[in-house]
$ cat protein_5.cif   # mmCIF, C-alpha atoms and all ligand atoms
data_entry
loop_
_atom_site.label_atom_id
_atom_site.label_comp_id
_atom_site.auth_asym_id
_atom_site.auth_seq_id
_atom_site.Cartn_x
_atom_site.Cartn_y
_atom_site.Cartn_z
CA MET A 1 -11.83 10.02 22.02
CA ALA A 2 -10.65 7.24 19.75
CA ARG A 3 -10.31 3.51 20.05
CA LEU A 4 -6.89 2.08 19.18
CA VAL A 5 -5.22 -1.27 18.70
CA MET A 6 -1.45 -1.14 19.25
CA LYS A 7 0.65 -4.18 18.29
CA PHE A 8 4.22 -4.81 19.46
CA GLY A 9 6.44 -7.42 17.77
CA GLY A 10 9.10 -9.72 19.20
CA THR A 11 12.05 -7.33 19.32
CA SER A 12 9.85 -4.66 20.91
CA VAL A 13 9.08 -6.98 23.86
CA ALA A 14 12.42 -8.82 23.89
CA ASN A 15 13.03 -8.22 27.61
CA VAL A 16 11.42 -6.56 30.62
CA GLU A 17 13.15 -3.23 29.99
CA ARG A 18 11.71 -3.07 26.46
CA ILE A 19 8.31 -4.09 27.78
CA ARG A 20 8.51 -1.10 30.17
CA ASN A 21 9.19 1.10 27.14
CA VAL A 22 6.16 -0.41 25.38
CA ALA A 23 4.08 0.43 28.46
CA ARG A 24 5.15 4.06 28.07
CA HIS A 25 3.93 4.11 24.44
CA VAL A 26 0.61 2.66 25.60
CA LYS A 27 0.33 5.19 28.43
CA ARG A 28 0.85 8.06 25.98
CA GLU A 29 -2.13 6.97 23.91
CA TRP A 30 -4.27 6.23 26.96
CA ASP A 31 -3.41 9.61 28.53
CA ALA A 32 -4.54 11.27 25.27
CA GLY A 33 -8.01 9.90 25.99
CA ASN A 34 -7.98 6.82 23.75
CA ASP A 35 -9.33 3.40 24.69
CA VAL A 36 -6.55 0.94 24.00
CA ALA A 37 -6.23 -2.77 23.21
CA VAL A 38 -2.65 -3.97 22.86
CA VAL A 39 -1.56 -7.09 20.96
CA VAL A 40 1.82 -8.60 21.79
CA SER A 41 4.12 -11.15 20.17
CA ALA A 42 6.40 -13.49 22.06
CA MET A 43 9.88 -12.23 22.98
CA SER A 44 12.10 -12.38 19.87
CA GLY A 45 13.60 -15.83 19.36
CA LYS A 46 11.09 -17.44 21.74
CA THR A 47 8.80 -18.92 19.11
CA ASN A 48 11.78 -20.43 17.25
CA GLU A 49 12.94 -22.00 20.49
CA LEU A 50 9.49 -23.45 21.19
CA VAL A 51 9.21 -24.83 17.65
CA ALA A 52 12.63 -26.50 18.07
CA TRP A 53 11.52 -28.10 21.35
CA VAL A 54 8.43 -29.52 19.67
CA LYS A 55 10.47 -31.01 16.82
CA ASP A 56 12.96 -32.43 19.30
CA ALA A 57 10.20 -34.08 21.33
CA SER A 58 8.44 -35.50 18.28
CA PRO A 59 9.70 -35.08 14.69
CA LEU A 60 6.26 -35.97 13.25
CA TYR A 61 4.49 -33.95 15.92
CA ASP A 62 0.76 -33.68 16.53
CA PRO A 63 -0.13 -30.16 15.29
CA LYS A 64 -2.57 -29.64 18.18
CA GLU A 65 0.21 -30.02 20.71
CA TYR A 66 2.52 -27.90 18.53
CA ASP A 67 0.00 -25.07 18.89
CA THR A 68 -0.30 -25.63 22.64
CA VAL A 69 3.46 -25.23 23.01
CA VAL A 70 4.16 -22.40 20.56
CA ALA A 71 1.24 -20.25 21.75
CA SER A 72 2.85 -20.03 25.19
CA GLY A 73 5.39 -17.35 24.26
CA GLU A 74 2.64 -14.75 23.88
CA GLN A 75 1.09 -15.67 27.23
CA VAL A 76 4.29 -14.59 28.97
CA THR A 77 4.56 -11.19 27.27
CA SER A 78 0.86 -10.33 27.70
CA GLY A 79 1.12 -10.91 31.45
CA LEU A 80 4.40 -8.98 31.71
CA LEU A 81 3.02 -5.99 29.80
CA ALA A 82 -0.11 -5.92 31.99
CA LEU A 83 2.21 -5.83 35.02
CA ALA A 84 4.35 -3.05 33.52
CA LEU A 85 1.16 -1.03 32.89
CA HIS A 86 0.11 -1.56 36.53
CA GLU A 87 3.47 -0.16 37.57
CA LEU A 88 2.61 3.03 35.65
CA GLY A 89 -0.65 3.25 37.59
CA LEU A 90 -2.88 2.05 34.74
CA LYS A 91 -5.71 -0.48 34.82
CA ALA A 92 -4.87 -3.38 32.53
CA ARG A 93 -5.39 -7.10 32.21
CA SER A 94 -4.06 -9.84 29.94
CA TRP A 95 -6.32 -11.79 27.59
CA GLN A 96 -5.37 -15.11 26.02
CA GLY A 97 -6.96 -15.95 22.68
CA TRP A 98 -9.45 -18.36 24.28
CA GLN A 99 -10.44 -15.78 26.89
CA VAL A 100 -11.37 -12.99 24.47
CA PRO A 101 -12.42 -15.26 22.67
CA ILE A 102 -10.71 -15.17 19.28
CA TYR A 103 -12.08 -18.09 17.27
CA GLY A 104 -9.89 -19.72 14.62
CA SER A 105 -10.31 -22.52 12.07
CA ASP A 106 -8.95 -25.93 13.05
CA ALA A 107 -6.02 -25.71 10.60
CA HIS A 108 -3.46 -26.06 13.38
CA GLY A 109 -0.29 -24.09 12.75
CA SER A 110 -1.95 -21.92 10.10
CA SER A 111 -5.39 -21.23 11.51
CA ARG A 112 -7.54 -18.41 10.11
CA ILE A 113 -9.50 -16.16 12.42
CA VAL A 114 -13.22 -16.76 11.84
CA ASP A 115 -14.73 -14.58 14.54
CA ILE A 116 -13.76 -12.36 17.46
CA ASP A 117 -16.17 -11.56 20.27
CA GLY A 118 -15.04 -8.11 21.40
CA ALA A 119 -17.78 -7.64 24.01
CA ASN A 120 -15.62 -8.39 27.07
CA ILE A 121 -12.87 -6.01 26.01
CA LEU A 122 -15.38 -3.28 25.15
CA LYS A 123 -17.01 -3.71 28.57
CA GLY A 124 -13.60 -3.10 30.16
CA PHE A 125 -13.35 0.14 28.12
CA SER A 126 -16.77 1.37 29.19
CA ASP A 127 -16.50 0.26 32.84
CA ASP A 128 -13.19 1.85 33.76
CA ARG A 129 -11.11 2.36 30.59
CA SER A 130 -9.17 -0.82 31.39
CA ILE A 131 -6.41 -1.58 28.87
CA ALA A 132 -6.73 -5.00 27.22
CA VAL A 133 -3.42 -6.77 26.61
CA VAL A 134 -4.14 -9.55 24.14
CA SER A 135 -1.80 -12.41 23.26
CA GLY A 136 -1.17 -12.30 19.51
CA PHE A 137 -0.74 -15.30 17.19
CA GLN A 138 -3.31 -17.48 19.00
CA GLY A 139 -6.98 -18.31 19.21
CA VAL A 140 -9.26 -21.19 20.03
CA ASN A 141 -11.27 -23.50 17.82
CA ARG A 142 -14.93 -23.17 18.73
CA GLU A 143 -15.80 -26.81 17.95
CA THR A 144 -12.86 -28.62 19.53
CA GLY A 145 -11.91 -26.13 22.24
CA ARG A 146 -8.26 -26.54 21.25
CA ILE A 147 -5.71 -23.72 21.08
CA VAL A 148 -4.76 -22.76 17.50
CA THR A 149 -1.99 -20.53 16.12
CA LEU A 150 -2.12 -18.31 13.04
CA GLY A 151 1.18 -19.08 11.28
CA ARG A 152 4.50 -17.31 11.71
CA GLY A 153 4.21 -13.56 12.01
CA GLY A 154 0.54 -14.05 12.95
CA SER A 155 0.38 -11.37 15.64
CA ASP A 156 0.02 -8.75 12.90
CA THR A 157 -3.13 -10.55 11.83
CA SER A 158 -4.39 -10.78 15.42
CA ALA A 159 -4.00 -7.01 15.70
CA VAL A 160 -5.78 -6.05 12.47
CA ALA A 161 -8.57 -8.57 13.09
CA LEU A 162 -9.06 -7.24 16.60
CA ALA A 163 -9.12 -3.67 15.30
CA ALA A 164 -11.85 -4.69 12.83
CA ALA A 165 -13.86 -6.50 15.52
CA LEU A 166 -13.63 -3.60 17.98
CA LYS A 167 -14.32 -1.08 15.18
CA ALA A 168 -11.11 0.67 16.18
CA ASP A 169 -10.23 4.00 14.59
CA ARG A 170 -6.66 2.86 13.95
CA CYS A 171 -4.31 -0.12 14.16
CA ASP A 172 -0.68 0.74 14.90
CA ILE A 173 1.85 -2.02 14.20
CA TYR A 174 4.98 -1.15 16.21
CA THR A 175 8.15 -2.91 15.13
CA ASP A 176 11.93 -2.51 14.99
CA VAL A 177 11.90 -0.26 11.91
CA ASP A 178 10.04 3.04 11.62
CA GLY A 179 7.81 2.07 8.72
CA VAL A 180 7.57 0.22 5.44
CA TYR A 181 10.61 0.84 3.25
CA THR A 182 11.21 0.59 -0.49
CA THR A 183 13.07 -2.62 0.37
CA ASP A 184 14.38 -4.37 3.47
CA PRO A 185 16.39 -1.60 5.19
CA ARG A 186 18.59 -4.28 6.77
CA ILE A 187 20.12 -5.22 3.43
CA VAL A 188 19.94 -1.94 1.50
CA SER A 189 21.16 1.07 3.42
CA LYS A 190 19.73 3.39 0.74
CA ALA A 191 16.19 2.08 1.27
CA ARG A 192 13.67 4.88 1.80
CA ARG A 193 10.76 4.96 4.19
CA LEU A 194 7.41 5.31 2.44
CA ASP A 195 4.88 7.70 3.98
CA ARG A 196 2.10 5.72 2.35
CA VAL A 197 1.79 2.45 0.51
CA SER A 198 -1.32 1.04 -1.16
CA PHE A 199 -3.05 -2.09 0.12
CA GLU A 200 -2.42 -3.88 -3.19
CA GLU A 201 1.29 -3.11 -3.20
CA MET A 202 1.71 -4.01 0.47
CA LEU A 203 -0.10 -7.28 -0.18
CA GLU A 204 2.33 -8.13 -2.98
CA MET A 205 5.37 -7.02 -0.98
CA ALA A 206 4.31 -9.16 1.98
CA SER A 207 3.52 -12.19 -0.21
CA LEU A 208 6.83 -11.83 -2.02
CA GLY A 209 8.92 -11.86 1.14
CA ALA A 210 8.83 -8.48 2.98
CA LYS A 211 8.15 -9.90 6.41
CA VAL A 212 7.31 -6.55 7.99
CA LEU A 213 3.59 -7.53 7.88
CA GLN A 214 1.97 -10.96 7.65
CA VAL A 215 0.08 -11.25 4.33
CA ARG A 216 -3.23 -12.08 5.99
CA SER A 217 -3.08 -8.91 8.11
CA VAL A 218 -2.89 -6.79 4.96
CA GLU A 219 -5.84 -8.65 3.43
CA LEU A 220 -7.91 -7.97 6.53
CA ALA A 221 -6.90 -4.31 6.66
CA MET A 222 -7.95 -3.98 3.02
CA VAL A 223 -11.27 -5.80 3.37
CA HIS A 224 -12.31 -4.13 6.63
CA ARG A 225 -10.85 -0.73 5.75
CA VAL A 226 -8.76 -0.58 8.93
CA PRO A 227 -6.40 2.43 8.84
CA THR A 228 -3.14 0.61 9.61
CA TYR A 229 0.23 2.21 10.37
CA VAL A 230 3.64 0.55 10.63
CA ARG A 231 5.82 2.47 13.09
CA SER A 232 8.75 2.15 15.49
CA SER A 233 8.60 1.01 19.09
CA PHE A 234 12.17 2.26 19.52
CA ASP A 235 11.11 5.90 19.23
CA ASP A 236 11.11 7.95 22.39
CA PRO A 237 7.56 7.34 23.68
CA SER A 238 7.15 11.07 24.25
CA SER A 239 7.94 12.04 20.63
CA PRO A 240 6.85 9.25 18.29
CA THR A 241 7.17 9.39 14.47
CA PRO A 242 4.11 8.67 12.34
CA GLY A 243 5.37 5.67 10.35
CA THR A 244 3.81 4.37 7.14
CA LEU A 245 0.09 4.34 6.41
CA ILE A 246 -1.31 1.42 4.39
CA CYS A 247 -4.12 2.98 2.37
CA ASP A 248 -6.06 3.13 -0.89
CA GLU A 249 -4.15 3.75 -4.09
CA GLU A 250 -6.25 6.90 -4.69
CA ASP A 251 -4.94 8.40 -1.45
CA ILE A 252 -1.35 8.40 -2.71
CA VAL A 253 -0.41 11.56 -4.57
CA GLU A 254 3.07 10.84 -5.85
CA GLN A 255 2.99 7.43 -7.42
CA GLN A 256 6.20 5.76 -8.64
CA ILE A 257 6.24 3.11 -11.34
CA VAL A 258 8.00 0.72 -8.97
CA THR A 259 7.29 1.18 -5.25
CA GLY A 260 9.33 -1.58 -3.69
CA ILE A 261 11.69 -4.53 -4.11
CA ALA A 262 11.20 -7.71 -2.10
CA TYR A 263 13.10 -10.97 -1.89
CA SER A 264 12.27 -14.42 -0.64
CA LYS A 265 14.65 -17.24 0.17
CA ASP A 266 11.70 -19.52 0.68
CA GLU A 267 11.95 -20.94 -2.85
CA ALA A 268 13.44 -24.16 -4.17
CA GLN A 269 13.90 -24.96 -7.86
CA ILE A 270 13.11 -28.28 -9.50
CA THR A 271 13.98 -29.05 -13.14
CA LEU A 272 12.76 -32.13 -15.00
CA ARG A 273 15.01 -32.77 -17.99
CA ARG A 274 13.86 -34.20 -21.28
CA VAL A 275 10.21 -34.72 -20.51
CA ALA A 276 8.19 -36.20 -23.41
CA ASP A 277 6.64 -33.21 -25.19
CA GLN A 278 3.07 -34.43 -25.51
CA PRO A 279 -0.41 -33.47 -24.28
CA GLY A 280 -1.12 -34.24 -20.64
CA VAL A 281 2.47 -34.01 -19.45
CA ALA A 282 1.95 -30.87 -17.36
CA ALA A 283 -1.05 -32.50 -15.72
CA ALA A 284 1.05 -35.60 -14.93
CA ILE A 285 3.65 -33.42 -13.17
CA PHE A 286 1.54 -30.83 -11.40
CA GLY A 287 -1.49 -33.00 -10.58
CA PRO A 288 0.25 -35.14 -7.94
CA LEU A 289 1.90 -32.02 -6.43
CA ALA A 290 -1.48 -30.27 -6.14
CA ASP A 291 -2.97 -33.42 -4.60
CA ALA A 292 -0.23 -33.25 -1.96
CA ASN A 293 -1.09 -29.58 -1.28
CA ILE A 294 2.26 -28.36 -2.59
CA ASN A 295 2.06 -24.85 -4.04
CA VAL A 296 3.93 -24.47 -7.29
CA ASP A 297 4.98 -20.90 -8.03
CA MET A 298 7.11 -20.07 -11.08
CA ILE A 299 6.95 -22.41 -14.09
CA ILE A 300 9.00 -22.34 -17.30
CA GLN A 301 9.09 -24.82 -20.11
CA VAL A 302 11.89 -24.94 -22.67
CA VAL A 303 12.10 -27.12 -25.78
CA SER A 304 15.19 -29.34 -25.64
CA ASP A 305 17.80 -29.55 -28.38
CA ASP A 306 16.25 -32.76 -29.70
CA GLN A 307 12.89 -30.96 -30.32
CA ALA A 308 10.97 -34.04 -29.12
CA THR A 309 11.34 -33.43 -25.42
CA THR A 310 11.13 -30.42 -23.16
CA ASP A 311 12.72 -29.23 -19.91
CA ILE A 312 10.31 -28.03 -17.23
CA THR A 313 11.54 -25.85 -14.37
CA PHE A 314 9.37 -24.70 -11.47
CA THR A 315 9.64 -23.62 -7.85
CA VAL A 316 8.07 -24.86 -4.62
CA PRO A 317 8.40 -23.54 -1.04
CA THR A 318 11.73 -24.66 0.48
CA ALA A 319 9.93 -26.58 3.22
CA GLU A 320 8.19 -28.70 0.56
CA PHE A 321 11.28 -29.45 -1.54
CA GLU A 322 11.96 -32.95 -0.17
CA ARG A 323 8.32 -33.95 -0.39
CA ALA A 324 7.98 -32.61 -3.94
CA THR A 325 11.08 -34.38 -5.25
CA SER A 326 10.06 -37.67 -3.68
CA ILE A 327 6.58 -37.44 -5.26
CA LEU A 328 8.16 -36.75 -8.66
CA ARG A 329 10.62 -39.64 -8.32
CA ASN A 330 7.72 -41.97 -7.53
CA ALA A 331 5.85 -40.67 -10.59
CA ARG A 332 8.84 -41.01 -12.92
CA ASP A 333 7.28 -43.71 -15.07
CA ALA A 334 4.00 -41.85 -15.44
CA ILE A 335 5.72 -38.57 -16.35
CA SER A 336 8.66 -40.06 -18.23
CA TYR A 337 11.63 -37.74 -17.76
CA ALA A 338 15.36 -38.31 -18.13
CA ASP A 339 16.63 -36.52 -15.04
CA LEU A 340 15.48 -34.56 -11.99
CA GLN A 341 17.62 -31.66 -10.79
CA GLY A 342 16.97 -29.57 -7.71
CA ALA A 343 18.44 -26.43 -6.13
CA THR A 344 17.65 -24.80 -2.80
CA ASP A 345 20.30 -22.08 -2.98
CA VAL A 346 18.04 -19.82 -5.03
CA VAL A 347 16.18 -16.62 -4.21
CA LYS A 348 13.18 -14.89 -5.76
CA VAL A 349 13.62 -11.15 -6.19
CA SER A 350 10.52 -9.12 -7.08
CA ALA A 351 9.69 -5.56 -8.06
CA ILE A 352 6.25 -4.25 -7.14
CA GLY A 353 4.37 -1.16 -8.27
CA VAL A 354 0.87 -0.24 -9.42
CA GLY A 355 2.55 1.93 -12.09
CA MET A 356 3.40 -1.26 -14.01
CA ARG A 357 -0.24 -1.40 -15.10
CA SER A 358 0.27 1.60 -17.33
CA HIS A 359 3.96 1.34 -18.27
CA ALA A 360 5.45 -1.15 -20.70
CA GLY A 361 8.99 -2.52 -20.58
CA VAL A 362 9.49 -2.19 -16.84
CA ALA A 363 10.69 -5.77 -16.43
CA ALA A 364 12.76 -5.76 -19.64
CA LYS A 365 14.86 -2.93 -18.20
CA ALA A 366 15.65 -5.11 -15.18
CA PHE A 367 16.81 -8.08 -17.25
CA ARG A 368 19.38 -5.89 -18.99
CA ALA A 369 20.62 -4.35 -15.74
CA LEU A 370 21.00 -7.75 -14.08
CA ALA A 371 22.78 -9.20 -17.11
CA ASP A 372 25.24 -6.30 -16.97
CA LYS A 373 26.08 -7.38 -13.41
CA GLY A 374 26.60 -10.96 -14.54
CA ILE A 375 23.50 -12.25 -12.75
CA ASN A 376 21.93 -15.25 -14.47
CA ILE A 377 18.13 -15.44 -14.41
CA ARG A 378 16.76 -18.95 -13.87
CA ALA A 379 13.04 -18.20 -14.13
CA ILE A 380 10.71 -15.22 -14.52
CA THR A 381 7.06 -14.56 -13.66
CA THR A 382 5.06 -11.42 -14.17
CA SER A 383 1.60 -10.21 -13.24
CA GLU A 384 -0.26 -6.93 -13.32
CA ILE A 385 1.68 -5.04 -10.65
CA LYS A 386 4.83 -7.10 -10.14
CA PHE A 387 7.49 -9.24 -11.74
CA SER A 388 9.73 -11.80 -10.08
CA ILE A 389 13.01 -13.41 -11.09
CA LEU A 390 14.70 -16.47 -9.69
CA ILE A 391 18.47 -16.21 -9.27
CA ASP A 392 21.34 -17.79 -7.30
CA ALA A 393 21.04 -16.89 -3.63
CA ALA A 394 24.64 -15.62 -3.59
CA TYR A 395 23.51 -12.63 -5.71
CA THR A 396 20.56 -11.61 -3.51
CA GLU A 397 21.95 -8.34 -2.20
CA LEU A 398 23.50 -7.33 -5.52
CA ALA A 399 20.24 -7.97 -7.37
CA VAL A 400 18.08 -6.15 -4.82
CA ARG A 401 20.46 -3.16 -4.81
CA THR A 402 20.66 -3.10 -8.60
CA LEU A 403 16.87 -3.01 -9.03
CA HIS A 404 16.49 -0.53 -6.19
CA SER A 405 18.79 1.96 -7.96
CA LEU A 406 17.46 1.15 -11.42
CA TYR A 407 13.94 2.24 -10.50
CA GLY A 408 15.07 5.41 -8.75
CA LEU A 409 14.30 4.24 -5.24
CA ASP A 410 17.66 5.02 -3.61
CA ALA A 411 17.64 7.62 -0.88
CA ALA A 412 19.60 10.73 -1.80
P1 LIG B 501 8.15 -7.91 14.48
O1 LIG B 501 8.90 -8.83 15.36
O2 LIG B 501 7.97 -6.54 15.05
O3 LIG B 501 6.87 -8.51 13.95
P2 LIG B 501 9.46 -8.56 11.96
O4 LIG B 501 10.87 -9.01 12.13
O5 LIG B 501 8.41 -9.60 11.75
O6 LIG B 501 9.10 -7.65 13.23
O7 LIG B 501 9.35 -7.49 10.77
C1 LIG B 501 10.19 -6.36 10.76
C2 LIG B 501 11.38 -6.60 9.84
O8 LIG B 501 10.92 -6.69 8.50
C3 LIG B 501 12.38 -5.47 9.80
O9 LIG B 501 13.33 -5.59 10.81
C4 LIG B 501 13.00 -5.59 8.39
O10 LIG B 501 14.26 -6.22 8.43
C5 LIG B 501 12.05 -6.51 7.66
N1 LIG B 501 11.62 -5.97 6.36
C6 LIG B 501 11.64 -6.64 5.19
N2 LIG B 501 11.22 -5.87 4.19
C7 LIG B 501 10.89 -4.67 4.72
C8 LIG B 501 10.39 -3.46 4.17
N3 LIG B 501 10.11 -3.32 2.86
N4 LIG B 501 10.16 -2.41 5.01
C9 LIG B 501 10.42 -2.54 6.33
N5 LIG B 501 10.92 -3.67 6.91
C10 LIG B 501 11.15 -4.72 6.12
N1 LIG B 502 5.60 -15.10 17.84
C1 LIG B 502 5.06 -15.49 16.54
C2 LIG B 502 6.19 -15.70 15.56
O1 LIG B 502 7.35 -15.53 15.90
C3 LIG B 502 4.05 -14.52 16.02
C4 LIG B 502 4.56 -13.13 15.73
O2 LIG B 502 5.62 -12.74 16.21
O3 LIG B 502 3.85 -12.39 15.03
O4 LIG B 502 5.94 -16.09 14.45
MG MG B 503 6.45 -9.92 12.43
#

$ encode --input "protein_5.cif" --output "structure tokens"
Amino acid sequence: MARLVMKFGGTSVANVERIRNVARHVKREWDAGNDVAVVVSAMSGKTNELVAWVKDASPLYDPKEYDTVVASGEQVTSGLLALALHELGLKARSWQGWQVPIYGSDAHGSSRIVDIDGANILKGFSDDRSIAVVSGFQGVNRETGRIVTLGRGGSDTSAVALAAALKADRCDIYTDVDGVYTTDPRIVSKARRLDRVSFEEMLEMASLGAKVLQVRSVELAMVHRVPTYVRSSFDDPSSPTPGTLICDEEDIVEQQIVTGIAYSKDEAQITLRRVADQPGVAAAIFGPLADANINVDMIIQVVSDDQATTDITFTVPTAEFERATSILRNARDAISYADLQGATDVVKVSAIGVGMRSHAGVAAKAFRALADKGINIRAITTSEIKFSILIDAAYTELAVRTLHSLYGLDAA
């Protein structure tokens, strides 16, 4: 007999009929003799609606009350799934984050799980094999007693963290696609499902925009060695498909040079024109941004025609664009630049693969292929197992498809 955590995302619990289908997946695993804890997201679209209500009520909202409001979507689905399980004759109860309890840091809106006390859920398993239905995305701060949420997509992290705390044999992340693909299957029809993907590659793919798993959930799976599968909740509950296993690189037999292509629209470009080319200038630009907790991602510096000044281009998260530009305008005298230009209609496209460690020229091949399609590259970054390019958002699909074919990832 095994112990499982099963997680169901927003589209999988979008209405009561789908929740009934989820209950059938849970029953299958329970009937097979497994003890089961289920983690649920809010119904799809619900969290966006709640966030909009908060912003409507108070544009500069108190993050504690934001968490109180946005955590409510998961309370509804956990109760509904417990009820659907009762209807199938199973023992089940809902658990809110504070009831488990799942303790999180006090960073409201992006809390990190610090501890989970699994004793109550485990007692339910040993007493009468009761199924625990846990609200994802939420926890409680031990010191303040306030509800916290884990950042968007955080139910994945709730699930993996719970699996680690309960020492589960497996964590199954059920979603609206049947696994992790070589790229987003919604924009590239030739994307292929991967049977396995390494922790490192999945971590990069998630950080670079593949929203199929929250980044933190992959980190936890890697650190705690939780065997984690991504699989479909839309399968017939009586004949499920296995999905994609996130595992160690050594456990993957057929390794490609490039494993996946990701894209992120969450990038905005800022260019400072004709900045004085002298020591300390980068510190004058990036110091104030770091002080304001703004993450700068890609950076390029180009010497201007006049040789005495330089143009500096970099990217920040879209949500921070306004704040970043206003900080730089205020620091104009200290930095001394001629002009500030910004663009939010840009996208970062990335190729990821552990094979890049041992192969040269992987990125160079992409620059040629993109140039042949008339796609202009605004910035480039590379690291050990990935490279990223910044391009006009209008070319997103073309660029993703081009790289996908270039690296031999297209399905036959
Ligand atoms: P859930 O609500 O179940 O958490 P999400 O919408 O957060 O689901 O994540 C699933 C979505 O991730 C898919 O519908 C797909 O469009 C998107 N996605 C992006 N990149 C990938 C990828 N490489 N493989 C699979 N899905 C991907
Ligand atoms: N409901 C939350 C969100 O939409 C958490 C999740 O779905 O994982 O971000
Ligand atoms: Mg998700």

$ closest_atom_pairs --input "protein_5.cif" --of "segment 12-129 of chain A" --to "segment 159-171 of chain A" --cutoff "8 Å" --atoms "all atoms listed in the file" --output "tab-separated table"
residue	atom	partner	partner_atom	distance
A:Val38	CA	A:Ala159	CA	7.9
A:Val39	CA	A:Ala159	CA	5.8
A:Ile113	CA	A:Ala161	CA	7.7
A:Ile116	CA	A:Ala165	CA	6.2
A:Asp117	CA	A:Ala165	CA	7.3
A:Gly118	CA	A:Leu166	CA	5.8
A:Leu122	CA	A:Leu166	CA	7.4

$ residues_near_ligand --input "protein_5.cif" --ligand "ligand LIG 502 (chain B)" --cutoff "10 Å" --atoms "all atoms listed in the file" --output "ChimeraX atom specification"
/A:7-11,39-51,70-74,135-138,149-159,211-214

$ write_last_selection --input "protein_5.cif" --atoms "C-alpha atoms" --output "PDB file, in the coordinates of the input"
ATOM      1  CA  LYS A   7       0.650  -4.180  18.290  1.00  0.00           C
ATOM      2  CA  PHE A   8       4.220  -4.810  19.460  1.00  0.00           C
ATOM      3  CA  GLY A   9       6.440  -7.420  17.770  1.00  0.00           C
ATOM      4  CA  GLY A  10       9.100  -9.720  19.200  1.00  0.00           C
ATOM      5  CA  THR A  11      12.050  -7.330  19.320  1.00  0.00           C
ATOM      6  CA  VAL A  39      -1.560  -7.090  20.960  1.00  0.00           C
ATOM      7  CA  VAL A  40       1.820  -8.600  21.790  1.00  0.00           C
ATOM      8  CA  SER A  41       4.120 -11.150  20.170  1.00  0.00           C
ATOM      9  CA  ALA A  42       6.400 -13.490  22.060  1.00  0.00           C
ATOM     10  CA  MET A  43       9.880 -12.230  22.980  1.00  0.00           C
ATOM     11  CA  SER A  44      12.100 -12.380  19.870  1.00  0.00           C
ATOM     12  CA  GLY A  45      13.600 -15.830  19.360  1.00  0.00           C
ATOM     13  CA  LYS A  46      11.090 -17.440  21.740  1.00  0.00           C
ATOM     14  CA  THR A  47       8.800 -18.920  19.110  1.00  0.00           C
ATOM     15  CA  ASN A  48      11.780 -20.430  17.250  1.00  0.00           C
ATOM     16  CA  GLU A  49      12.940 -22.000  20.490  1.00  0.00           C
ATOM     17  CA  LEU A  50       9.490 -23.450  21.190  1.00  0.00           C
ATOM     18  CA  VAL A  51       9.210 -24.830  17.650  1.00  0.00           C
ATOM     19  CA  VAL A  70       4.160 -22.400  20.560  1.00  0.00           C
ATOM     20  CA  ALA A  71       1.240 -20.250  21.750  1.00  0.00           C
ATOM     21  CA  SER A  72       2.850 -20.030  25.190  1.00  0.00           C
ATOM     22  CA  GLY A  73       5.390 -17.350  24.260  1.00  0.00           C
ATOM     23  CA  GLU A  74       2.640 -14.750  23.880  1.00  0.00           C
ATOM     24  CA  SER A 135      -1.800 -12.410  23.260  1.00  0.00           C
ATOM     25  CA  GLY A 136      -1.170 -12.300  19.510  1.00  0.00           C
ATOM     26  CA  PHE A 137      -0.740 -15.300  17.190  1.00  0.00           C
ATOM     27  CA  GLN A 138      -3.310 -17.480  19.000  1.00  0.00           C
ATOM     28  CA  THR A 149      -1.990 -20.530  16.120  1.00  0.00           C
ATOM     29  CA  LEU A 150      -2.120 -18.310  13.040  1.00  0.00           C
ATOM     30  CA  GLY A 151       1.180 -19.080  11.280  1.00  0.00           C
ATOM     31  CA  ARG A 152       4.500 -17.310  11.710  1.00  0.00           C
ATOM     32  CA  GLY A 153       4.210 -13.560  12.010  1.00  0.00           C
ATOM     33  CA  GLY A 154       0.540 -14.050  12.950  1.00  0.00           C
ATOM     34  CA  SER A 155       0.380 -11.370  15.640  1.00  0.00           C
ATOM     35  CA  ASP A 156       0.020  -8.750  12.900  1.00  0.00           C
ATOM     36  CA  THR A 157      -3.130 -10.550  11.830  1.00  0.00           C
ATOM     37  CA  SER A 158      -4.390 -10.780  15.420  1.00  0.00           C
ATOM     38  CA  ALA A 159      -4.000  -7.010  15.700  1.00  0.00           C
ATOM     39  CA  LYS A 211       8.150  -9.900   6.410  1.00  0.00           C
ATOM     40  CA  VAL A 212       7.310  -6.550   7.990  1.00  0.00           C
ATOM     41  CA  LEU A 213       3.590  -7.530   7.880  1.00  0.00           C
ATOM     42  CA  GLN A 214       1.970 -10.960   7.650  1.00  0.00           C
TER      43      GLN A 214
END

$ residues_around --input "protein_5.cif" --residues "Asp392 of chain A" --least-positions-apart "6" --cutoff "8 Å" --atoms "only C-alpha atoms" --output "list in words"
Asp345, Val346, Val347 and Asn376 of chain A

$ closest_residue --input "protein_5.cif" --among "A:Asn330, A:Thr271, A:Thr402, A:Ser358" --to "Gly342 of chain A" --atoms "all atoms listed in the file"
A:Thr271

$ axis_aligned_box --input "protein_5.cif" --around "ligand LIG 501 (chain B)" --padding-each-side "3 Å" --output "lines of an AutoDock Vina configuration file"
center_x = 10.6
center_y = -6.0
center_z = 9.1
size_x = 13.4
size_y = 13.2
size_z = 18.5

$ atom_distance --input "protein_5.cif" --atom1 "atom CA of Ile327 of chain A" --atom2 "atom CA of Gly109 of chain A"
23.4 Å

$ closest_residue --input "protein_5.cif" --among "A:Met1, A:Val218, A:Leu80, A:Ala262" --to "ligand LIG 501 (chain B)" --atoms "all atoms listed in the file"
A:Ala262

$ atom_distance --input "protein_5.cif" --atom1 "atom CA of Arg323 of chain A" --atom2 "atom CA of Ala290 of chain A"
11.9 Å
